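Dropping run_6.tsv in here (TSV, C-alpha atoms and all ligand atoms):
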chain	number	residue	atom	x	y	z
A	1	MET	CA	-63.38	53.15	-76.89
A	2	LEU	CA	-59.85	52.98	-75.55
A	3	LYS	CA	-59.30	56.53	-76.72
A	4	ILE	CA	-62.36	57.76	-74.83
A	5	PHE	CA	-61.16	55.92	-71.74
A	6	MET	CA	-57.69	57.44	-72.02
A	7	ASN	CA	-59.15	60.90	-72.48
A	8	CYS	CA	-61.29	60.43	-69.38
A	9	LEU	CA	-58.25	59.22	-67.41
A	10	ILE	CA	-56.20	62.24	-68.48
A	11	PHE	CA	-59.09	64.52	-67.52
A	12	VAL	CA	-59.37	62.92	-64.06
A	13	LEU	CA	-55.62	63.20	-63.52
A	14	PHE	CA	-55.81	66.85	-64.57
A	15	LEU	CA	-58.47	67.45	-61.92
A	16	LEU	CA	-56.47	65.61	-59.29
A	17	ALA	CA	-53.17	67.33	-60.08
A	18	PRO	CA	-53.52	70.24	-57.63
A	19	ALA	CA	-54.36	67.81	-54.84
A	20	LEU	CA	-51.35	65.65	-55.68
A	21	LEU	CA	-49.08	68.68	-55.71
A	22	GLN	CA	-50.54	69.82	-52.40
A	23	ALA	CA	-49.67	66.49	-50.83
A	24	GLN	CA	-46.00	67.15	-51.56
A	25	LYS	CA	-46.03	70.38	-49.64
A	26	ARG	CA	-45.95	70.66	-45.87
A	27	LEU	CA	-46.77	74.10	-44.53
A	28	PRO	CA	-44.19	75.04	-41.91
A	29	ILE	CA	-44.72	74.83	-38.18
A	30	ILE	CA	-42.65	76.83	-35.70
A	31	ASP	CA	-42.18	74.97	-32.42
A	32	MET	CA	-41.37	77.66	-29.87
A	33	HIS	CA	-40.37	75.22	-27.16
A	34	MET	CA	-37.81	72.54	-27.87
A	35	HIS	CA	-34.75	71.39	-25.95
A	36	ALA	CA	-31.45	69.79	-26.87
A	37	ARG	CA	-31.12	67.06	-24.27
A	38	THR	CA	-29.00	64.00	-23.58
A	39	ALA	CA	-30.85	60.70	-23.16
A	40	ASN	CA	-30.28	60.60	-19.39
A	41	HIS	CA	-31.15	64.23	-18.66
A	42	TYR	CA	-34.26	63.31	-16.70
A	43	GLY	CA	-32.87	60.06	-15.27
A	44	PRO	CA	-31.85	56.69	-16.74
A	45	PRO	CA	-33.73	55.93	-19.98
A	46	PRO	CA	-36.07	54.65	-21.20
A	47	LEU	CA	-38.61	56.94	-19.52
A	48	ALA	CA	-42.34	56.92	-20.20
A	49	MET	CA	-44.69	59.82	-20.82
A	50	CYS	CA	-48.39	59.89	-21.55
A	51	ALA	CA	-49.47	61.91	-24.56
A	52	PRO	CA	-51.97	62.90	-23.45
A	53	VAL	CA	-52.36	62.19	-19.75
A	54	GLU	CA	-55.87	60.95	-19.01
A	55	LYS	CA	-55.92	60.89	-15.21
A	56	MET	CA	-53.75	62.66	-12.63
A	57	PRO	CA	-51.63	60.60	-10.20
A	58	LEU	CA	-52.67	60.29	-6.56
A	59	TRP	CA	-50.48	59.99	-3.43
A	60	ASN	CA	-51.72	58.23	-0.31
A	61	GLN	CA	-48.38	58.80	1.48
A	62	THR	CA	-47.76	55.17	2.44
A	63	GLU	CA	-44.76	55.24	0.13
A	64	SER	CA	-42.52	58.01	-1.17
A	65	TRP	CA	-43.96	60.33	-3.78
A	66	GLU	CA	-41.34	59.16	-6.26
A	67	GLU	CA	-42.46	55.54	-5.83
A	68	ALA	CA	-46.12	56.50	-6.13
A	69	LEU	CA	-45.41	58.61	-9.22
A	70	ALA	CA	-43.69	55.67	-10.89
A	71	LYS	CA	-47.07	53.90	-10.73
A	72	SER	CA	-48.86	56.73	-12.52
A	73	PRO	CA	-52.21	55.83	-14.06
A	74	PRO	CA	-51.84	54.22	-17.49
A	75	CYS	CA	-52.88	55.94	-20.70
A	76	LYS	CA	-53.71	54.93	-24.25
A	77	ASN	CA	-50.68	56.60	-25.82
A	78	MET	CA	-47.53	55.90	-23.82
A	79	VAL	CA	-44.38	57.44	-25.32
A	80	TRP	CA	-40.91	56.10	-24.43
A	81	SER	CA	-37.61	57.95	-24.55
A	82	PRO	CA	-34.70	56.37	-26.45
A	83	LYS	CA	-31.54	55.05	-24.78
A	84	THR	CA	-28.84	57.03	-26.55
A	85	ASP	CA	-28.11	60.71	-27.13
A	86	GLU	CA	-27.89	60.11	-30.87
A	87	GLU	CA	-31.34	58.52	-30.96
A	88	VAL	CA	-32.84	61.50	-29.09
A	89	LEU	CA	-31.38	63.80	-31.73
A	90	GLN	CA	-32.20	61.68	-34.78
A	91	GLN	CA	-35.76	60.82	-33.70
A	92	THR	CA	-36.44	64.51	-33.07
A	93	ILE	CA	-35.08	65.57	-36.46
A	94	ALA	CA	-37.10	62.84	-38.19
A	95	VAL	CA	-40.38	64.15	-36.76
A	96	MET	CA	-39.36	67.72	-37.61
A	97	LYS	CA	-38.71	66.81	-41.23
A	98	LYS	CA	-41.95	64.87	-41.50
A	99	HIS	CA	-44.01	67.88	-40.34
A	100	ASN	CA	-41.70	70.64	-41.65
A	101	ILE	CA	-41.01	71.98	-38.16
A	102	ILE	CA	-38.57	74.75	-37.33
A	103	GLY	CA	-37.80	74.68	-33.61
A	104	MET	CA	-36.59	77.15	-30.99
A	105	LEU	CA	-33.97	74.97	-29.33
A	106	GLY	CA	-33.14	75.67	-25.69
A	107	GLY	CA	-30.32	73.91	-23.91
A	108	LYS	CA	-26.68	74.26	-23.02
A	109	PRO	CA	-24.68	76.13	-25.68
A	110	GLU	CA	-22.42	73.15	-26.50
A	111	LEU	CA	-25.30	70.72	-26.99
A	112	VAL	CA	-27.43	73.27	-28.85
A	113	LYS	CA	-24.50	73.74	-31.23
A	114	LYS	CA	-24.24	69.99	-31.80
A	115	TRP	CA	-27.94	69.76	-32.67
A	116	MET	CA	-27.70	72.88	-34.86
A	117	ASP	CA	-24.83	71.30	-36.79
A	118	ALA	CA	-26.93	68.18	-37.38
A	119	ALA	CA	-29.83	70.19	-38.87
A	120	PRO	CA	-28.90	73.86	-39.25
A	121	ARG	CA	-32.06	75.01	-41.00
A	122	ARG	CA	-34.38	73.24	-38.61
A	123	PHE	CA	-33.37	75.08	-35.45
A	124	ILE	CA	-33.30	78.58	-33.98
A	125	PRO	CA	-30.69	78.48	-31.22
A	126	GLY	CA	-31.98	79.18	-27.71
A	127	LEU	CA	-30.36	79.27	-24.29
A	128	ASP	CA	-31.75	77.62	-21.17
A	129	PHE	CA	-31.18	79.82	-18.18
A	130	ARG	CA	-31.65	79.38	-14.47
A	131	LEU	CA	-30.09	81.65	-11.86
A	132	ASP	CA	-29.30	78.92	-9.35
A	133	ARG	CA	-28.33	75.95	-11.48
A	134	ALA	CA	-26.20	75.10	-14.49
A	135	THR	CA	-27.53	76.30	-17.81
A	136	GLY	CA	-29.66	73.67	-19.45
A	137	THR	CA	-30.55	71.99	-16.19
A	138	ALA	CA	-34.25	72.39	-15.79
A	139	THR	CA	-34.84	69.48	-13.54
A	140	ALA	CA	-34.02	68.34	-10.07
A	141	VAL	CA	-31.94	65.49	-11.55
A	142	GLY	CA	-29.50	67.78	-13.32
A	143	ASP	CA	-26.35	66.57	-14.96
A	144	GLY	CA	-23.94	66.94	-12.06
A	145	SER	CA	-21.85	69.61	-13.74
A	146	LYS	CA	-20.44	72.36	-11.54
A	147	PHE	CA	-22.62	75.43	-11.56
A	148	LYS	CA	-21.31	78.79	-12.68
A	149	LEU	CA	-23.84	81.48	-13.42
A	150	MET	CA	-23.50	83.11	-16.84
A	151	SER	CA	-23.00	86.83	-16.26
A	152	PRO	CA	-24.86	89.43	-18.34
A	153	ASP	CA	-21.55	90.30	-20.04
A	154	GLU	CA	-20.91	86.66	-20.94
A	155	MET	CA	-24.46	86.42	-22.25
A	156	ARG	CA	-23.91	89.51	-24.39
A	157	VAL	CA	-20.76	88.00	-25.93
A	158	LEU	CA	-22.51	84.67	-26.59
A	159	TYR	CA	-25.47	86.42	-28.24
A	160	LYS	CA	-23.28	88.65	-30.40
A	161	SER	CA	-21.28	85.64	-31.57
A	162	GLY	CA	-24.49	83.92	-32.69
A	163	GLY	CA	-24.49	81.42	-29.82
A	164	PHE	CA	-28.20	81.95	-29.29
A	165	ALA	CA	-31.04	83.97	-30.79
A	166	VAL	CA	-33.74	83.45	-28.14
A	167	LEU	CA	-33.19	83.57	-24.38
A	168	GLY	CA	-35.26	80.56	-23.46
A	169	GLU	CA	-36.19	78.64	-21.59
A	170	VAL	CA	-35.81	80.81	-18.46
A	171	LEU	CA	-36.43	78.28	-15.71
A	172	ASN	CA	-36.19	80.26	-12.49
A	173	GLN	CA	-39.66	79.23	-11.38
A	174	TYR	CA	-38.21	75.83	-10.44
A	175	ALA	CA	-36.00	77.68	-7.95
A	176	GLY	CA	-38.86	79.75	-6.56
A	177	ILE	CA	-37.32	82.87	-8.13
A	178	ALA	CA	-39.95	85.28	-9.44
A	179	PRO	CA	-39.52	87.04	-12.79
A	180	ASP	CA	-39.22	90.41	-11.03
A	181	ASP	CA	-36.48	89.20	-8.64
A	182	GLU	CA	-33.74	91.82	-8.62
A	183	ARG	CA	-31.12	89.24	-9.69
A	184	MET	CA	-32.91	88.95	-13.05
A	185	GLU	CA	-32.97	92.68	-13.67
A	186	PRO	CA	-29.64	92.94	-15.58
A	187	TYR	CA	-30.70	90.09	-17.86
A	188	TRP	CA	-34.07	91.67	-18.65
A	189	ALA	CA	-32.27	94.96	-19.35
A	190	LEU	CA	-29.84	93.17	-21.66
A	191	ALA	CA	-32.63	91.41	-23.57
A	192	GLU	CA	-34.47	94.70	-23.98
A	193	GLU	CA	-31.33	96.55	-25.09
A	194	LEU	CA	-30.32	93.92	-27.67
A	195	ASP	CA	-33.94	93.13	-28.64
A	196	ILE	CA	-33.53	89.45	-27.76
A	197	PRO	CA	-36.82	87.51	-27.63
A	198	VAL	CA	-37.28	85.77	-24.27
A	199	GLY	CA	-39.27	82.65	-23.37
A	200	ILE	CA	-39.95	82.10	-19.68
A	201	HIS	CA	-41.43	79.07	-17.97
A	202	ILE	CA	-44.61	80.10	-16.16
A	203	GLY	CA	-46.73	77.06	-15.49
A	204	GLY	CA	-46.57	73.66	-13.82
A	205	GLY	CA	-43.60	71.45	-13.11
A	206	GLY	CA	-44.21	67.76	-12.51
A	207	PRO	CA	-47.01	66.69	-10.18
A	208	GLY	CA	-45.64	67.09	-6.63
A	209	GLU	CA	-42.61	68.97	-8.00
A	210	VAL	CA	-41.75	70.34	-4.58
A	211	TYR	CA	-41.12	66.77	-3.28
A	212	LEU	CA	-38.92	65.85	-6.24
A	213	GLY	CA	-35.90	68.04	-5.51
A	214	ASN	CA	-37.14	71.49	-6.47
A	215	SER	CA	-38.18	72.32	-2.91
A	216	LYS	CA	-38.69	76.00	-3.69
A	217	PHE	CA	-41.14	75.43	-6.52
A	218	ARG	CA	-44.48	77.10	-5.73
A	219	ALA	CA	-47.83	76.60	-7.47
A	220	ARG	CA	-48.79	80.23	-6.95
A	221	MET	CA	-45.93	81.22	-9.26
A	222	GLN	CA	-47.76	79.58	-12.15
A	223	SER	CA	-49.56	82.91	-12.55
A	224	ALA	CA	-48.73	85.00	-15.63
A	225	LEU	CA	-49.16	88.07	-13.44
A	226	THR	CA	-45.74	87.30	-11.94
A	227	MET	CA	-44.42	88.94	-15.15
A	228	GLU	CA	-46.24	92.21	-14.59
A	229	GLU	CA	-43.51	94.33	-12.97
A	230	VAL	CA	-41.00	93.18	-15.61
A	231	LEU	CA	-43.30	94.34	-18.40
A	232	VAL	CA	-43.86	97.66	-16.64
A	233	ARG	CA	-40.12	98.23	-16.32
A	234	HIS	CA	-39.23	96.95	-19.80
A	235	PRO	CA	-41.96	97.90	-22.27
A	236	LYS	CA	-39.80	97.04	-25.30
A	237	LEU	CA	-38.98	93.55	-24.04
A	238	ARG	CA	-40.23	90.81	-26.38
A	239	VAL	CA	-41.38	88.01	-24.13
A	240	TYR	CA	-43.53	84.91	-24.40
A	241	ILE	CA	-44.91	82.86	-21.58
A	242	MET	CA	-44.04	79.22	-21.95
A	243	HIS	CA	-46.86	76.85	-20.94
A	244	ALA	CA	-49.18	79.89	-21.01
A	245	GLY	CA	-49.38	80.31	-17.24
A	246	TYR	CA	-51.53	77.19	-16.98
A	247	PRO	CA	-53.99	76.77	-15.27
A	248	MET	CA	-54.52	80.36	-14.12
A	249	LEU	CA	-56.62	81.52	-17.03
A	250	ASP	CA	-58.01	84.70	-15.48
A	251	ASP	CA	-54.53	85.90	-14.51
A	252	LEU	CA	-53.31	85.24	-18.05
A	253	LEU	CA	-56.24	87.08	-19.63
A	254	ALA	CA	-55.56	90.06	-17.39
A	255	LEU	CA	-51.91	90.06	-18.43
A	256	LEU	CA	-52.68	89.71	-22.16
A	257	PHE	CA	-55.20	92.54	-21.95
A	258	ASN	CA	-52.93	94.97	-20.16
A	259	TYR	CA	-49.72	94.06	-21.99
A	260	PRO	CA	-50.62	93.73	-25.67
A	261	GLN	CA	-47.04	92.79	-26.56
A	262	ALA	CA	-47.10	89.55	-24.52
A	263	TYR	CA	-47.37	86.16	-26.26
A	264	VAL	CA	-47.83	82.60	-24.97
A	265	GLU	CA	-47.01	79.11	-26.18
A	266	VAL	CA	-48.93	75.98	-25.30
A	267	SER	CA	-46.26	73.28	-24.88
A	268	VAL	CA	-46.69	70.47	-22.36
A	269	ILE	CA	-50.26	71.40	-21.43
A	270	ALA	CA	-51.35	69.79	-24.70
A	271	ASN	CA	-49.89	66.50	-23.42
A	272	VAL	CA	-49.59	66.39	-19.64
A	273	GLU	CA	-53.08	67.67	-18.94
A	274	PRO	CA	-56.17	65.75	-19.98
A	275	ARG	CA	-57.13	67.01	-23.43
A	276	ALA	CA	-60.45	68.43	-22.22
A	277	ALA	CA	-58.64	70.59	-19.66
A	278	PHE	CA	-56.19	71.86	-22.28
A	279	TYR	CA	-59.04	72.70	-24.65
A	280	ARG	CA	-60.93	74.54	-21.91
A	281	TYR	CA	-57.82	76.66	-21.34
A	282	LEU	CA	-56.94	77.29	-24.98
A	283	LYS	CA	-60.57	78.09	-25.82
A	284	GLY	CA	-60.59	80.62	-23.00
A	285	ILE	CA	-57.57	82.38	-24.53
A	286	VAL	CA	-59.03	82.30	-28.05
A	287	ASP	CA	-62.49	83.40	-26.88
A	288	GLY	CA	-60.76	86.29	-25.14
A	289	GLY	CA	-59.65	87.52	-28.56
A	290	TYR	CA	-55.99	86.50	-28.28
A	291	SER	CA	-55.63	83.84	-30.99
A	292	GLU	CA	-52.95	85.97	-32.66
A	293	ARG	CA	-50.74	85.74	-29.57
A	294	VAL	CA	-50.75	81.96	-29.12
A	295	MET	CA	-47.81	79.99	-30.49
A	296	PHE	CA	-47.28	76.26	-30.91
A	297	GLY	CA	-44.80	74.43	-28.68
A	298	SER	CA	-44.04	70.79	-27.89
A	299	ASP	CA	-41.35	70.84	-25.16
A	300	GLN	CA	-40.28	67.48	-26.49
A	301	MET	CA	-37.39	67.09	-24.01
A	302	VAL	CA	-36.18	63.50	-24.61
A	303	TRP	CA	-39.44	62.32	-26.17
A	304	ALA	CA	-39.71	63.02	-29.91
A	305	GLY	CA	-43.01	61.16	-29.62
A	306	LEU	CA	-44.54	64.14	-27.79
A	307	ILE	CA	-44.42	66.33	-30.89
A	308	GLU	CA	-47.08	64.63	-33.02
A	309	PRO	CA	-49.74	64.45	-30.26
A	310	ALA	CA	-49.12	68.18	-29.62
A	311	ILE	CA	-49.65	68.96	-33.32
A	312	GLU	CA	-52.76	66.81	-33.34
A	313	SER	CA	-54.16	68.68	-30.33
A	314	ILE	CA	-54.22	71.88	-32.38
A	315	GLU	CA	-55.33	70.25	-35.62
A	316	LYS	CA	-58.28	68.60	-33.91
A	317	ALA	CA	-59.34	71.48	-31.67
A	318	PRO	CA	-63.04	71.84	-32.59
A	319	PHE	CA	-63.22	75.52	-31.65
A	320	LEU	CA	-60.33	76.70	-33.86
A	321	ASN	CA	-60.91	77.70	-37.45
A	322	ARG	CA	-58.39	77.08	-40.21
A	323	GLN	CA	-56.86	80.56	-39.98
A	324	GLN	CA	-56.45	80.32	-36.21
A	325	LYS	CA	-54.67	76.99	-36.57
A	326	ARG	CA	-52.24	78.43	-39.13
A	327	ASP	CA	-51.68	81.43	-36.87
A	328	ILE	CA	-50.87	79.17	-33.91
A	329	PHE	CA	-48.69	76.82	-35.95
A	330	TYR	CA	-46.71	79.51	-37.77
A	331	ASN	CA	-47.87	83.06	-38.36
A	332	ASN	CA	-47.86	84.26	-34.75
A	333	ALA	CA	-44.34	82.98	-34.10
A	334	ALA	CA	-43.10	84.43	-37.42
A	335	ARG	CA	-44.45	87.81	-36.33
A	336	PHE	CA	-43.12	87.53	-32.77
A	337	LEU	CA	-39.66	86.51	-34.00
A	338	ARG	CA	-39.82	89.20	-36.72
A	339	LEU	CA	-38.84	86.77	-39.45
A	340	ASN	CA	-38.21	88.48	-42.78
A	341	PRO	CA	-40.00	87.49	-46.02
A	342	GLU	CA	-36.99	85.50	-47.22
A	343	GLN	CA	-36.88	83.43	-44.01
A	344	ILE	CA	-40.61	82.77	-44.28
A	345	ALA	CA	-40.26	81.78	-47.94
A	346	GLN	CA	-37.41	79.46	-47.04
A	347	HIS	CA	-39.48	77.71	-44.35
A	348	HIS	CA	-42.18	77.11	-46.95
A	349	ARG	CA	-39.66	75.77	-49.47
A	350	MET	CA	-38.38	73.34	-46.85
A	351	GLY	CA	-41.80	71.68	-46.89
A	352	ILE	CA	-41.49	70.67	-50.53
A	353	THR	CA	-40.37	67.11	-50.17
A	354	SER	CA	-39.99	65.93	-53.76
A	355	SER	CA	-39.80	67.14	-57.33
A	356	LYS	CA	-43.09	68.02	-58.98
A	357	ARG	CA	-44.34	68.56	-62.48
A	358	VAL	CA	-45.71	71.97	-63.27
A	359	SER	CA	-46.91	73.07	-66.73
A	360	GLY	CA	-45.08	70.23	-68.40
A	361	LYS	CA	-41.74	71.11	-66.79
A	362	THR	CA	-40.14	69.32	-63.90
A	363	GLN	CA	-39.48	71.74	-61.09
A	364	LYS	CA	-37.05	70.39	-58.54
A	365	SER	CA	-36.67	71.76	-55.07
A	366	HIS	CA	-33.26	72.99	-56.17
A	367	ASN	CA	-33.35	75.97	-53.83
A	368	LYS	CA	-32.70	73.64	-50.95
A	369	PRO	CA	-29.00	73.44	-50.17
A	370	ASN	CA	-27.44	70.01	-49.97
A	371	ARG	CA	-26.94	70.07	-46.24
A	372	ASP	CA	-30.69	70.40	-45.81
A	373	ARG	CA	-31.22	66.92	-47.19
A	374	LYS	CA	-29.00	65.37	-44.55
A	375	GLN	CA	-31.20	66.57	-41.71
A	401	ZN	ZN	-40.94	74.69	-19.06

Give the structure from the file, written as structure tokens.
Ligand SMILES: [Zn+2]
Amino acid sequence: MLKIFMNCLIFVLFLLAPALLQAQKRLPIIDMHMHARTANHYGPPPLAMCAPVEKMPLWNQTESWEEALAKSPPCKNMVWSPKTDEEVLQQTIAVMKKHNIIGMLGGKPELVKKWMDAAPRRFIPGLDFRLDRATGTATAVGDGSKFKLMSPDEMRVLYKSGGFAVLGEVLNQYAGIAPDDERMEPYWALAEELDIPVGIHIGGGGPGEVYLGNSKFRARMQSALTMEEVLVRHPKLRVYIMHAGYPMLDDLLALLFNYPQAYVEVSVIANVEPRAAFYRYLKGIVDGGYSERVMFGSDQMVWAGLIEPAIESIEKAPFLNRQQKRDIFYNNAARFLRLNPEQIAQHHRMGITSSKRVSGKTQKSHNKPNRDRKQ
């Protein structure tokens, strides 16, 4: 009797084995919109964010917009930023390891380097860029450092020395500077010449952004069509539109149709717009036939807690099939970034979290270098 029972148990375990092995593997996700930030980048921490926002704030003008904004409508999932720079870094890396995320990391070169050193295989170095404000300073708050614009020559040197691999996030929209502004021309030419992928913010700021310090921010510049002249002049430029030109869907569809090289990523809109509005937008892009040009992004800033709700928004999207989800999470970004087969294989290996038994032998994830385990 015992023997029969044992045989049955072994048989059941045999059937379950593939599922158990699967559970030890996390397919990689490429997050095309991350930032290396200090804890106080957006003001004194802790700061709250809704993920997702359920209702938009309202201003009746009896108090300042900043005061009214501080009383934003509550939400079910409130995410708080940590108090120290180290916690911002460590919390972000922890979520990345849990979900096997590789992130395009914008920021100032010094801080990007610090984050890269902490988890070298988890990040692709980016470069935040704004023509009128210090690199890495996306917001009105800023960090108080003296502004000196990085020249195209300096950018060339930084790129060639490995200081960054993606020019992003380009944040000129906060300064009311259009993509086709003549001051940007040498940078577009440089990116095209050196084949540097570029990510540019085209979408919303905060609600009432214009009253929060970025007085030149304009809602009409949320249109993806602001990129048109750049794409005409630089057909070889590899560019993706961060925040997908939300909420101007028709403008985006026109751009994607006419410029088949253009990609988008969906960061922030998965969290700071009500989920139904985000789904309406994303479904419009997918229904338009562009699911192979949508990439995942979180724009986690100082909130590592924004990453998981963003992942969940794609995983739970009822109109996406399994292939489309994998494309958005990984395949589209791998193609856009022109990752080679070895890089892709490595990202998959990084998702193997523990040793596993295969055909009676123990196969350890020995191809992971030691430094990877410290991440
Ligand atoms: Zn942005």

Neighbours of ligand ZN 401 (chain A) within 7 Å, counting only C-alpha atoms and all ligand atoms, as a compact mmCIF listing (two decimals) with C-alpha atoms, in the frame of the given file?
# COMPACT_ATOMS: atom_id res chain seq x y z
CA GLU A 169 -36.19 78.64 -21.59
CA LEU A 171 -36.43 78.28 -15.71
CA HIS A 201 -41.43 79.07 -17.97
CA MET A 242 -44.04 79.22 -21.95
CA HIS A 243 -46.86 76.85 -20.94

**Prompt:** Hey, can you check how far CA of Gln346 in chain A sits from CA of Lys316 in chain A?
**Reply:** 26.9 Å

**Item:** Exercise: Leu253 in chain A partners within 8 Å, all atoms listed in the file, chain neighbours under 4 positions left out, as a list of chain:residue names
**Value:**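 That gives A:Leu249, A:Phe257, A:Ile285, A:Gly288.
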
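CA of Ile29 in chain A lies 18.0 Å from CA of Ile269 in chain A.
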
**Message:** Using only C-alpha atoms, list the residues that have an atom at most 9 Å from (-39.8, 81.6, -11.7), coordinates as in the file, as a VMD selection string.
**Reply:** chain A and resid 130 170 to 181 200 to 202 217 to 218 221 to 222 226

Output C-alpha atoms of each residue in that selection to a file, as a JSON list (two decimals), keeping the file's coordinate frame.
[["chain", "number", "residue", "atom", "x", "y", "z"],
["A", 130, "ARG", "CA", -31.65, 79.38, -14.47],
["A", 170, "VAL", "CA", -35.81, 80.81, -18.46],
["A", 171, "LEU", "CA", -36.43, 78.28, -15.71],
["A", 172, "ASN", "CA", -36.19, 80.26, -12.49],
["A", 173, "GLN", "CA", -39.66, 79.23, -11.38],
["A", 174, "TYR", "CA", -38.21, 75.83, -10.44],
["A", 175, "ALA", "CA", -36.00, 77.68, -7.95],
["A", 176, "GLY", "CA", -38.86, 79.75, -6.56],
["A", 177, "ILE", "CA", -37.32, 82.87, -8.13],
["A", 178, "ALA", "CA", -39.95, 85.28, -9.44],
["A", 179, "PRO", "CA", -39.52, 87.04, -12.79],
["A", 180, "ASP", "CA", -39.22, 90.41, -11.03],
["A", 181, "ASP", "CA", -36.48, 89.20, -8.64],
["A", 200, "ILE", "CA", -39.95, 82.10, -19.68],
["A", 201, "HIS", "CA", -41.43, 79.07, -17.97],
["A", 202, "ILE", "CA", -44.61, 80.10, -16.16],
["A", 217, "PHE", "CA", -41.14, 75.43, -6.52],
["A", 218, "ARG", "CA", -44.48, 77.10, -5.73],
["A", 221, "MET", "CA", -45.93, 81.22, -9.26],
["A", 222, "GLN", "CA", -47.76, 79.58, -12.15],
["A", 226, "THR", "CA", -45.74, 87.30, -11.94]]

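CA of Gly205 in chain A is positioned 26.5 Å from CA of Pro152 in chain A.
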
**Request:** Extract, using all atoms listed in the file, all DNA, RNA and protein residues at most 8 Å from range 56-59 of chain A, discarding same-chain residues fewer than 6 positions from it, and format them as a list of chain:residue names.
**Result:**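 Once the nearby chain positions are removed, what remains is A:Trp65, A:Ala68, A:Leu69, A:Ser72, A:Pro73, A:Pro207.
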
**Request:** Would you please work out which residue, of A:Ala219, A:Gly168, A:Ser267, A:Asp250, is nearest to Arg238 in chain A when using all atoms listed in the file?
**Result:** A:Gly168

**Fill in**
Using only C-alpha atoms, the shortest atom-to-atom distance to Glu292 in chain A among A:Met96, A:Ile311, A:Ala270, A:Leu320 belongs to A:Leu320

Per-residue nearest contacts range 101-171 of chain A to range 85-89 of chain A, cut-off 12 Å, using only C-alpha atoms, as a tab-separated table:
residue	atom	partner	partner_atom	distance
A:Leu105	CA	A:Leu89	CA	11.7
A:Leu111	CA	A:Leu89	CA	10.4
A:Val112	CA	A:Leu89	CA	10.7
A:Lys114	CA	A:Leu89	CA	9.4
A:Trp115	CA	A:Leu89	CA	6.9
A:Met116	CA	A:Leu89	CA	10.3
A:Asp117	CA	A:Leu89	CA	11.2
A:Ala118	CA	A:Leu89	CA	8.4
A:Ala119	CA	A:Leu89	CA	9.7

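Candidate residues A:Ile30, A:Met155, A:Val268, A:Ala191 were compared for distance to His347 in chain A, and the nearest is A:Ile30, using only C-alpha atoms.
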
**Item:** Residue nearest Val166 in chain A - candidates A:Ile307, A:Val79, A:Leu212, A:Met32, atoms counted: only C-alpha atoms
**Value:** A:Met32

**Asked** Between A:His234, A:Ser81, A:Ala304, A:Ala165, which has the minimum distance to Glu192 in chain A (counting only C-alpha atoms)?
**Response**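 Selected residue with least distance to Glu192 in chain A: A:His234.
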
Taking all atoms of range 223-236 of chain A that appear in the file, build a box with edges along x, y and z, extend it by 3 Å on every side, and state its centre and edge lengths in Å to one decimal, as AutoDock Vina command-line options.
--center_x -44.4 --center_y 90.6 --center_z -18.6 --size_x 16.3 --size_y 21.3 --size_z 19.4

**Message:** Given only C-alpha atoms as the basis, pick out the residue of A:Leu27, A:Glu229, A:Tyr259, A:Ile241 nearest to Gly203 in chain A.
**Reply:**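 Of all the options, A:Ile241 lies closest to Gly203 in chain A.
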
**Message:** Taking 6 positions as the minimum chain separation for residues in the same chain, which residues sit within 12 Å of Glu110 in chain A when counting all atoms listed in the file? Answer as a VMD selection string.
**Reply:** chain A and resid 36 to 38 116 to 117 125 to 128 135 to 136 158 163 to 164

**Message:** So that I can check the surroundings of Glu312 in chain A, please list as a PyMOL selection string every protein, DNA and RNA residue that reaches within 12 Å of it, counting all atoms listed in the file and ignoring chain neighbours fewer than 6 positions away.
**Reply:** chain A and resi 51-52+99+270-271+275+296-298+305-306+318+325+329
